[in-house]
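Just structure-v4.txt here, compact mmCIF, C-alpha atoms and all ligand atoms:
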# COMPACT_ATOMS: atom_id res chain seq x y z
CA MET R 1 7.82 12.00 -16.11
CA GLU R 2 6.53 15.44 -15.08
CA LYS R 3 5.39 15.63 -11.44
CA LEU R 4 1.82 16.67 -10.72
CA TYR R 5 3.05 18.72 -7.78
CA ASN R 6 5.07 20.91 -10.17
CA GLN R 7 1.74 21.79 -11.83
CA SER R 8 -0.34 22.75 -8.86
CA GLU R 9 -2.93 24.50 -11.03
CA ILE R 10 -3.76 21.09 -12.52
CA TYR R 11 -3.80 19.48 -9.07
CA ASP R 12 -6.34 22.10 -7.96
CA LEU R 13 -8.69 21.61 -10.93
CA ILE R 14 -10.67 19.31 -8.65
CA GLU R 15 -11.31 22.20 -6.26
CA THR R 16 -14.71 23.90 -6.28
CA GLU R 17 -16.49 26.04 -3.69
CA ARG R 18 -18.84 23.14 -3.07
CA ARG R 19 -15.97 20.70 -2.44
CA THR R 20 -14.24 23.18 -0.12
CA GLY R 21 -17.49 23.63 1.82
CA ILE R 22 -17.88 19.87 2.17
CA ILE R 23 -14.26 19.55 3.40
CA ARG R 24 -14.90 22.30 5.99
CA SER R 25 -18.12 20.75 7.35
CA ASP R 26 -16.46 17.37 7.41
CA TRP R 27 -13.58 18.70 9.54
CA LYS R 28 -16.11 20.37 11.86
CA ALA R 29 -17.95 17.09 12.38
CA PHE R 30 -14.72 15.11 12.70
CA LEU R 31 -12.96 17.43 15.19
CA GLY R 32 -16.09 17.91 17.30
CA ASP R 33 -15.47 20.02 20.39
CA ARG R 34 -11.72 19.36 20.68
CA PRO R 35 -10.04 22.64 21.70
CA ILE R 36 -7.93 23.15 18.55
CA ARG R 37 -6.92 26.74 17.79
CA THR R 38 -3.57 26.19 16.04
CA LEU R 39 -2.88 23.50 13.47
CA LEU R 40 0.18 22.55 11.43
CA ASP R 41 -0.23 20.46 8.26
CA VAL R 42 3.10 18.83 7.36
CA SER R 43 1.94 17.95 3.81
CA ILE R 44 -0.22 21.00 3.17
CA GLY R 45 0.22 21.06 -0.61
CA THR R 46 -2.05 23.77 -2.02
CA GLY R 47 -4.02 23.82 1.23
CA ALA R 48 -7.05 22.12 -0.33
CA MET R 49 -7.68 20.09 2.81
CA THR R 50 -6.59 22.53 5.52
CA LEU R 51 -7.18 26.13 4.36
CA PRO R 52 -10.95 25.54 4.85
CA LEU R 53 -10.19 25.25 8.59
CA GLN R 54 -9.37 28.96 8.73
CA GLU R 55 -13.07 29.81 8.56
CA LEU R 56 -13.57 27.60 11.63
CA GLY R 57 -11.33 29.99 13.59
CA ILE R 58 -8.24 27.78 13.43
CA THR R 59 -4.84 29.34 12.69
CA VAL R 60 -3.33 27.12 9.99
CA SER R 61 0.40 26.71 9.29
CA GLY R 62 1.95 24.32 6.83
CA SER R 63 4.98 22.75 5.27
CA ASP R 64 5.47 20.62 2.19
CA LEU R 65 8.21 19.23 -0.03
CA SER R 66 7.00 21.07 -3.12
CA ASP R 67 7.72 24.78 -3.66
CA ASN R 68 5.16 24.89 -6.43
CA MET R 69 2.36 23.56 -4.21
CA LEU R 70 3.38 25.95 -1.43
CA SER R 71 3.32 28.98 -3.76
CA ARG R 72 -0.22 28.16 -4.76
CA CYS R 73 -1.24 27.64 -1.14
CA LYS R 74 0.22 31.06 -0.28
CA MET R 75 -1.64 32.71 -3.16
CA LYS R 76 -4.97 31.12 -2.18
CA ALA R 77 -4.58 32.10 1.47
CA GLU R 78 -3.66 35.68 0.57
CA GLN R 79 -6.62 35.93 -1.81
CA LYS R 80 -8.88 35.06 1.13
CA GLY R 81 -7.10 37.64 3.30
CA LEU R 82 -6.12 34.85 5.72
CA PRO R 83 -2.37 34.34 5.21
CA VAL R 84 -0.65 31.21 6.51
CA GLU R 85 2.89 30.61 7.73
CA LEU R 86 4.47 28.20 5.23
CA LYS R 87 7.85 26.47 5.09
CA ARG R 88 9.45 24.05 2.65
CA SER R 89 10.27 20.82 4.45
CA ASP R 90 10.30 17.06 4.17
CA PHE R 91 8.08 15.73 6.95
CA ARG R 92 10.93 13.36 7.89
CA ASP R 93 12.77 16.39 9.25
CA LEU R 94 10.46 19.26 10.40
CA SER R 95 13.29 21.02 12.31
CA CYS R 96 12.17 24.20 10.50
CA TRP R 97 9.31 24.34 13.06
CA ASP R 98 11.54 23.90 16.12
CA GLY R 99 10.52 26.27 18.91
CA GLN R 100 6.82 26.26 17.91
CA LEU R 101 4.11 24.04 19.36
CA PHE R 102 0.64 23.44 17.92
CA ASP R 103 -2.67 22.17 19.30
CA CYS R 104 -2.81 19.72 16.40
CA VAL R 105 -0.26 18.47 13.88
CA VAL R 106 -1.75 16.77 10.82
CA SER R 107 -0.70 15.17 7.57
CA THR R 108 -3.46 15.44 4.98
CA GLY R 109 -4.09 14.07 1.50
CA ASN R 110 -2.86 10.48 1.80
CA SER R 111 0.69 11.75 2.05
CA ILE R 112 2.29 9.52 4.70
CA ALA R 113 2.63 6.68 2.16
CA TYR R 114 5.06 8.78 0.13
CA VAL R 115 7.83 7.52 2.41
CA PRO R 116 8.91 3.90 2.94
CA ASN R 117 7.28 2.08 5.87
CA GLU R 118 10.48 2.19 7.93
CA ASP R 119 10.40 6.02 7.87
CA ILE R 120 6.84 6.33 9.22
CA PRO R 121 7.66 5.97 12.96
CA GLY R 122 10.26 8.74 12.58
CA VAL R 123 7.72 11.01 10.83
CA LEU R 124 5.29 10.52 13.72
CA GLU R 125 8.08 11.29 16.21
CA ARG R 126 8.84 14.58 14.39
CA MET R 127 5.14 15.46 14.35
CA ASN R 128 4.87 14.60 18.05
CA SER R 129 7.75 16.94 18.89
CA LEU R 130 5.60 19.84 17.65
CA VAL R 131 2.40 18.93 19.55
CA LYS R 132 1.53 20.75 22.79
CA PRO R 133 0.87 18.60 25.87
CA GLY R 134 -2.76 17.52 25.60
CA GLY R 135 -2.74 18.25 21.84
CA TYR R 136 -3.42 15.99 18.89
CA ILE R 137 -1.86 14.16 15.95
CA CYS R 138 -4.10 13.52 12.98
CA PHE R 139 -3.52 11.94 9.56
CA ASP R 140 -5.58 10.59 6.69
CA SER R 141 -4.76 7.70 4.40
CA ARG R 142 -6.21 5.49 1.76
CA ASN R 143 -6.93 2.04 3.15
CA TRP R 144 -3.86 0.34 1.70
CA GLU R 145 -4.83 -3.01 3.22
CA LYS R 146 -8.10 -2.96 1.26
CA ILE R 147 -6.34 -1.78 -1.89
CA ARG R 148 -3.79 -4.59 -1.71
CA ARG R 149 -6.48 -7.16 -1.04
CA GLU R 150 -8.81 -6.08 -3.84
CA LYS R 151 -6.12 -5.03 -6.34
CA GLN R 152 -8.44 -2.36 -7.74
CA ARG R 153 -6.92 -0.91 -10.94
CA PHE R 154 -9.11 2.03 -11.95
CA TYR R 155 -10.31 5.02 -9.95
CA PHE R 156 -12.64 7.40 -11.75
CA TYR R 157 -13.50 10.99 -10.93
CA SER R 158 -16.56 12.89 -12.08
CA PRO R 159 -15.51 15.39 -14.78
CA PHE R 160 -14.47 18.88 -13.64
CA PHE R 161 -15.95 21.80 -15.56
CA ARG R 162 -13.95 25.00 -16.20
CA GLU R 163 -15.15 27.96 -18.32
CA ASP R 164 -15.58 26.40 -21.78
CA TYR R 165 -13.84 23.07 -21.30
CA ARG R 166 -14.10 19.95 -19.21
CA VAL R 167 -11.41 17.84 -17.60
CA ASN R 168 -11.56 14.07 -17.19
CA LEU R 169 -9.34 12.31 -14.70
CA VAL R 170 -8.78 8.58 -14.38
CA GLN R 171 -6.25 6.97 -12.09
CA VAL R 172 -4.78 3.63 -13.16
CA TRP R 173 -2.98 1.80 -10.36
CA ASP R 174 0.02 -0.45 -11.12
CA TYR R 175 1.00 -3.02 -8.49
CA ASN R 176 4.78 -3.31 -8.55
CA ASN R 177 6.82 -6.39 -7.66
CA ASP R 178 8.46 -4.56 -4.75
CA ASP R 179 5.03 -4.02 -3.12
CA THR R 180 4.92 -0.33 -4.03
CA ILE R 181 2.00 1.01 -6.05
CA THR R 182 2.25 3.52 -8.89
CA PHE R 183 -0.76 5.74 -9.50
CA ASN R 184 -0.90 6.82 -13.17
CA LEU R 185 -2.97 10.02 -13.30
CA LEU R 186 -4.42 10.45 -16.78
CA TYR R 187 -5.92 13.86 -17.50
CA SER R 188 -7.72 14.76 -20.72
CA PHE R 189 -9.01 18.25 -21.46
CA GLU R 190 -11.87 18.55 -23.93
CA ARG R 191 -13.86 21.26 -25.67
CA ASP R 192 -16.65 20.76 -28.23
CA ASN R 193 -16.29 16.99 -27.79
CA ARG R 194 -12.64 16.97 -28.81
CA VAL R 195 -9.63 16.33 -26.64
CA PHE R 196 -7.25 19.27 -27.00
CA ARG R 197 -4.75 18.47 -24.23
CA ARG R 198 -3.51 15.40 -22.36
CA GLU R 199 -1.36 15.23 -19.24
CA ILE R 200 0.01 12.11 -17.54
CA PHE R 201 1.61 12.02 -14.10
CA GLU R 202 2.94 9.21 -11.91
CA GLU R 203 2.80 9.06 -8.13
CA HIS R 204 4.66 6.34 -6.28
CA TYR R 205 3.35 5.03 -2.94
CA TYR R 206 4.59 2.71 -0.20
CA PRO R 207 1.41 1.09 1.17
CA PHE R 208 1.43 0.67 4.94
CA LYS R 209 -0.75 -1.10 7.49
CA LYS R 210 -2.68 1.27 9.71
CA ASP R 211 -1.37 -0.45 12.85
CA LEU R 212 2.17 0.62 11.98
CA ALA R 213 1.07 4.21 12.62
CA LEU R 214 -1.44 3.51 15.40
CA ASP R 215 0.99 1.34 17.40
CA LYS R 216 3.67 4.03 17.12
CA LEU R 217 1.24 6.70 18.36
CA ALA R 218 0.23 4.46 21.29
CA SER R 219 3.90 3.82 22.13
CA MET R 220 4.44 7.60 22.33
CA GLY R 221 1.62 7.85 24.88
CA TYR R 222 -1.24 8.86 22.56
CA GLY R 223 -4.75 7.75 23.47
CA GLU R 224 -8.43 8.55 22.83
CA PHE R 225 -8.06 7.30 19.25
CA GLN R 226 -10.79 8.12 16.77
CA LEU R 227 -10.70 6.46 13.34
CA LYS R 228 -13.43 7.37 10.88
CA PRO R 229 -14.00 7.15 7.14
CA LEU R 230 -13.12 10.28 5.20
CA PRO R 231 -15.62 11.90 4.76
CA CYS R 232 -16.74 11.04 8.28
CA GLU R 233 -20.46 11.24 7.49
CA GLU R 234 -20.06 7.82 5.83
CA ASP R 235 -21.28 5.57 8.60
CA GLU R 236 -19.13 2.54 7.72
CA THR R 237 -17.54 1.12 10.87
CA ASP R 238 -15.96 -2.02 9.37
CA PHE R 239 -12.37 -0.96 8.60
CA ASP R 240 -12.13 -3.57 5.84
CA LYS R 241 -14.84 -1.69 3.91
CA ILE R 242 -13.49 1.85 4.37
CA ASP R 243 -11.68 3.31 1.33
CA TRP R 244 -10.07 6.31 2.97
CA TYR R 245 -9.75 6.90 6.72
CA ARG R 246 -8.70 9.64 9.09
CA VAL R 247 -7.30 9.15 12.57
CA ILE R 248 -6.92 11.60 15.45
CA ALA R 249 -5.29 10.77 18.77
CA LYS R 250 -4.62 12.81 21.92
CA LYS R 251 -1.21 13.34 23.50
CA LYS R 252 -1.30 12.48 27.18
C1 LIG R 301 -1.91 14.43 -2.61
S1 LIG R 301 -1.01 15.86 -2.14
C2 LIG R 301 -1.94 16.41 -0.76
C3 LIG R 301 -1.85 17.90 -0.59
C4 LIG R 301 -2.85 18.48 0.42
N1 LIG R 301 -2.61 17.98 1.74
C5 LIG R 301 -4.26 18.17 0.00
O1 LIG R 301 -4.91 17.39 0.68
O2 LIG R 301 -4.67 18.69 -1.02
C6 LIG R 301 0.42 15.18 -1.39
C7 LIG R 301 1.39 16.24 -0.88
O3 LIG R 301 2.41 15.61 -0.12
C8 LIG R 301 3.63 16.28 -0.38
N2 LIG R 301 4.74 15.38 0.03
C9 LIG R 301 5.11 14.21 -0.54
N3 LIG R 301 6.15 13.69 0.13
C10 LIG R 301 6.44 14.54 1.15
C11 LIG R 301 7.40 14.56 2.19
N4 LIG R 301 8.30 13.56 2.32
N5 LIG R 301 7.41 15.60 3.05
C12 LIG R 301 6.51 16.61 2.92
N6 LIG R 301 5.57 16.66 1.95
C13 LIG R 301 5.53 15.63 1.08
C14 LIG R 301 3.57 16.58 -1.86
O4 LIG R 301 4.49 17.58 -2.23
C15 LIG R 301 2.11 16.99 -2.01
O5 LIG R 301 1.93 18.37 -1.84
Please, can you express the file's structure as structure tokens?
Amino acid sequence: MEKLYNQSEIYDLIETERRTGIIRSDWKAFLGDRPIRTLLDVSIGTGAMTLPLQELGITVSGSDLSDNMLSRCKMKAEQKGLPVELKRSDFRDLSCWDGQLFDCVVSTGNSIAYVPNEDIPGVLERMNSLVKPGGYICFDSRNWEKIRREKQRFYFYSPFFREDYRVNLVQVWDYNNDDTITFNLLYSFERDNRVFRREIFEEHYYPFKKDLALDKLASMGYGEFQLKPLPCEEDETDFDKIDWYRVIAKKK
């Protein structure tokens, strides 16, 4: 099965100026007045979630497993005239960043669940090794506890419009016997009410409980935890009802 991350131009079809603006204002509200000037995203992908931070005066750096996603991120940053330092790396290693420290190290785009639960504490340790004293770790994730409980199968997106065609995306979630979840991403491209192209991708996730990550952060001396829905303007405070959350915590 072809990987979506080898076709980053399809991944980015969801991106519009409006969406990017919403992501930027959401970061601004979420980060508040924390003194963050440098930020490393260890699953930066095409930069959809973190390049918008550049206009907030933050110097963004990033790494990712996928060369294809990184190339597109580089292109987008250069087009804006705001280049980023990028490296190819699994976030279970991150030694490529040794010698550099950041005000904030993040993992965006529900990416932590790409690795088995037993690898997550190690990922947080690697991220921590790159955070300045008094800096922050931040990550976002789907609420896997809610997903497992409700066993939702379908996730619909509003159509994306491009020049003379439209793109429909539906995710169909398969719950596997080994407790992993496969997201089937079904794209159809249509023009004049006829489908002229179809693409199917599979993404495989290892759902994890939020406390696995939060307890590890606390054990490494992190405090001042903030957990909010993503986007944070949603005022839901009951974790059981939040679909997607983002956490930030401060290194003591
Ligand atoms: C859903 S995309 C999110 C990309 C970007 N953060 C965003 O929000 O648009 C997930 C990203 O995680 C990356 N990824 C998956 N497993 C990884 C790993 N073990 N180490 C680093 N990156 C990984 C993928 O290559 C992909 O770019």
Legend entry - Given only C-alpha atoms as the counted atoms, nearest of R:Leu70, R:Cys96, R:Leu31, R:Ile147 to R:Arg246: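 Of all the options, R:Leu31 lies closest to R:Arg246.
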Legend entry - Neighbourhood of ligand LIG 301 (chain R) at 9 Å, counting all atoms listed in the file, reported as a ChimeraX atom specification: /R:4-6,8,11-12,41-50,63-70,88-94,107-115,123
Restrict the selected residues to C-alpha atoms and save them as a JSON list (two decimals), in the frame of the given file.
[["chain", "number", "residue", "atom", "x", "y", "z"],
["R", 4, "LEU", "CA", 1.82, 16.67, -10.72],
["R", 5, "TYR", "CA", 3.05, 18.72, -7.78],
["R", 6, "ASN", "CA", 5.07, 20.91, -10.17],
["R", 8, "SER", "CA", -0.34, 22.75, -8.86],
["R", 11, "TYR", "CA", -3.80, 19.48, -9.07],
["R", 12, "ASP", "CA", -6.34, 22.10, -7.96],
["R", 41, "ASP", "CA", -0.23, 20.46, 8.26],
["R", 42, "VAL", "CA", 3.10, 18.83, 7.36],
["R", 43, "SER", "CA", 1.94, 17.95, 3.81],
["R", 44, "ILE", "CA", -0.22, 21.00, 3.17],
["R", 45, "GLY", "CA", 0.22, 21.06, -0.61],
["R", 46, "THR", "CA", -2.05, 23.77, -2.02],
["R", 47, "GLY", "CA", -4.02, 23.82, 1.23],
["R", 48, "ALA", "CA", -7.05, 22.12, -0.33],
["R", 49, "MET", "CA", -7.68, 20.09, 2.81],
["R", 50, "THR", "CA", -6.59, 22.53, 5.52],
["R", 63, "SER", "CA", 4.98, 22.75, 5.27],
["R", 64, "ASP", "CA", 5.47, 20.62, 2.19],
["R", 65, "LEU", "CA", 8.21, 19.23, -0.03],
["R", 66, "SER", "CA", 7.00, 21.07, -3.12],
["R", 67, "ASP", "CA", 7.72, 24.78, -3.66],
["R", 68, "ASN", "CA", 5.16, 24.89, -6.43],
["R", 69, "MET", "CA", 2.36, 23.56, -4.21],
["R", 70, "LEU", "CA", 3.38, 25.95, -1.43],
["R", 88, "ARG", "CA", 9.45, 24.05, 2.65],
["R", 89, "SER", "CA", 10.27, 20.82, 4.45],
["R", 90, "ASP", "CA", 10.30, 17.06, 4.17],
["R", 91, "PHE", "CA", 8.08, 15.73, 6.95],
["R", 92, "ARG", "CA", 10.93, 13.36, 7.89],
["R", 93, "ASP", "CA", 12.77, 16.39, 9.25],
["R", 94, "LEU", "CA", 10.46, 19.26, 10.40],
["R", 107, "SER", "CA", -0.70, 15.17, 7.57],
["R", 108, "THR", "CA", -3.46, 15.44, 4.98],
["R", 109, "GLY", "CA", -4.09, 14.07, 1.50],
["R", 110, "ASN", "CA", -2.86, 10.48, 1.80],
["R", 111, "SER", "CA", 0.69, 11.75, 2.05],
["R", 112, "ILE", "CA", 2.29, 9.52, 4.70],
["R", 113, "ALA", "CA", 2.63, 6.68, 2.16],
["R", 114, "TYR", "CA", 5.06, 8.78, 0.13],
["R", 115, "VAL", "CA", 7.83, 7.52, 2.41],
["R", 123, "VAL", "CA", 7.72, 11.01, 10.83]]
Inset, instruction - Skip R:Gln226 itself and residues of its chain fewer than 5 positions away, then list as a PyMOL selection string all residues within 8 Å of it, counting only C-alpha atoms. - result: chain R and resi 247-249
Legend entry - Ref. answer, residues at most 9 Å from (6.8, 8.1, 14.8) with only C-alpha atoms, as a PyMOL selection string: chain R and resi 119-128+213+216-217+219-220
Inset, instruction - Find the residues around R:Gly81 up to 12 Å (all atoms listed in the file counted), leave out those fewer than 6 positions away in its own chain, and share them as a VMD selection string. - result: chain R and resid 51 54 to 55 74 to 75
Inset, instruction - In Å, rounded to a single decimal, give me how far atom CA of R:Arg24 is from atom CA of R:Leu40. - result: 16.0 Å
Can I get a file of stretch 196-210 of chain R from the given structure, N, CA and C atoms kept, as a short mmCIF file (atom, residue, chain, number, x, y, z; two decimals), in the first residue's frame?
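Written out: decode-v2.cif:
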data_model
loop_
_atom_site.label_atom_id
_atom_site.label_comp_id
_atom_site.auth_asym_id
_atom_site.auth_seq_id
_atom_site.Cartn_x
_atom_site.Cartn_y
_atom_site.Cartn_z
N PHE R 196 -12.54 11.13 -11.19
CA PHE R 196 -11.52 10.83 -12.19
C PHE R 196 -10.24 10.25 -11.58
N ARG R 197 -10.19 10.21 -10.22
CA ARG R 197 -8.99 9.64 -9.60
C ARG R 197 -9.36 9.17 -8.19
N ARG R 198 -8.79 8.06 -7.79
CA ARG R 198 -8.97 7.58 -6.41
C ARG R 198 -7.62 7.25 -5.83
N GLU R 199 -7.45 7.52 -4.55
CA GLU R 199 -6.20 7.16 -3.86
C GLU R 199 -6.58 6.59 -2.49
N ILE R 200 -5.95 5.50 -2.11
CA ILE R 200 -6.20 4.91 -0.79
C ILE R 200 -4.87 4.75 -0.07
N PHE R 201 -4.84 5.20 1.18
CA PHE R 201 -3.64 5.04 2.01
C PHE R 201 -4.04 4.40 3.33
N GLU R 202 -3.06 3.77 3.98
CA GLU R 202 -3.29 3.19 5.31
C GLU R 202 -2.31 3.78 6.29
N GLU R 203 -2.78 4.17 7.45
CA GLU R 203 -1.89 4.60 8.54
C GLU R 203 -2.18 3.73 9.74
N HIS R 204 -1.12 3.29 10.40
CA HIS R 204 -1.25 2.32 11.47
C HIS R 204 -0.86 2.98 12.79
N TYR R 205 -1.75 2.95 13.78
CA TYR R 205 -1.50 3.65 15.04
C TYR R 205 -1.53 2.70 16.24
N TYR R 206 -0.74 3.08 17.25
CA TYR R 206 -0.72 2.38 18.54
C TYR R 206 -1.36 3.30 19.57
N PRO R 207 -2.66 3.16 19.81
CA PRO R 207 -3.33 4.06 20.76
C PRO R 207 -2.64 4.02 22.12
N PHE R 208 -2.57 5.17 22.77
CA PHE R 208 -1.96 5.19 24.11
C PHE R 208 -2.82 6.04 25.03
N LYS R 209 -2.70 5.74 26.33
CA LYS R 209 -3.43 6.53 27.34
C LYS R 209 -2.62 7.78 27.63
N LYS R 210 -3.33 8.91 27.78
CA LYS R 210 -2.59 10.18 27.96
C LYS R 210 -1.68 10.13 29.17
#
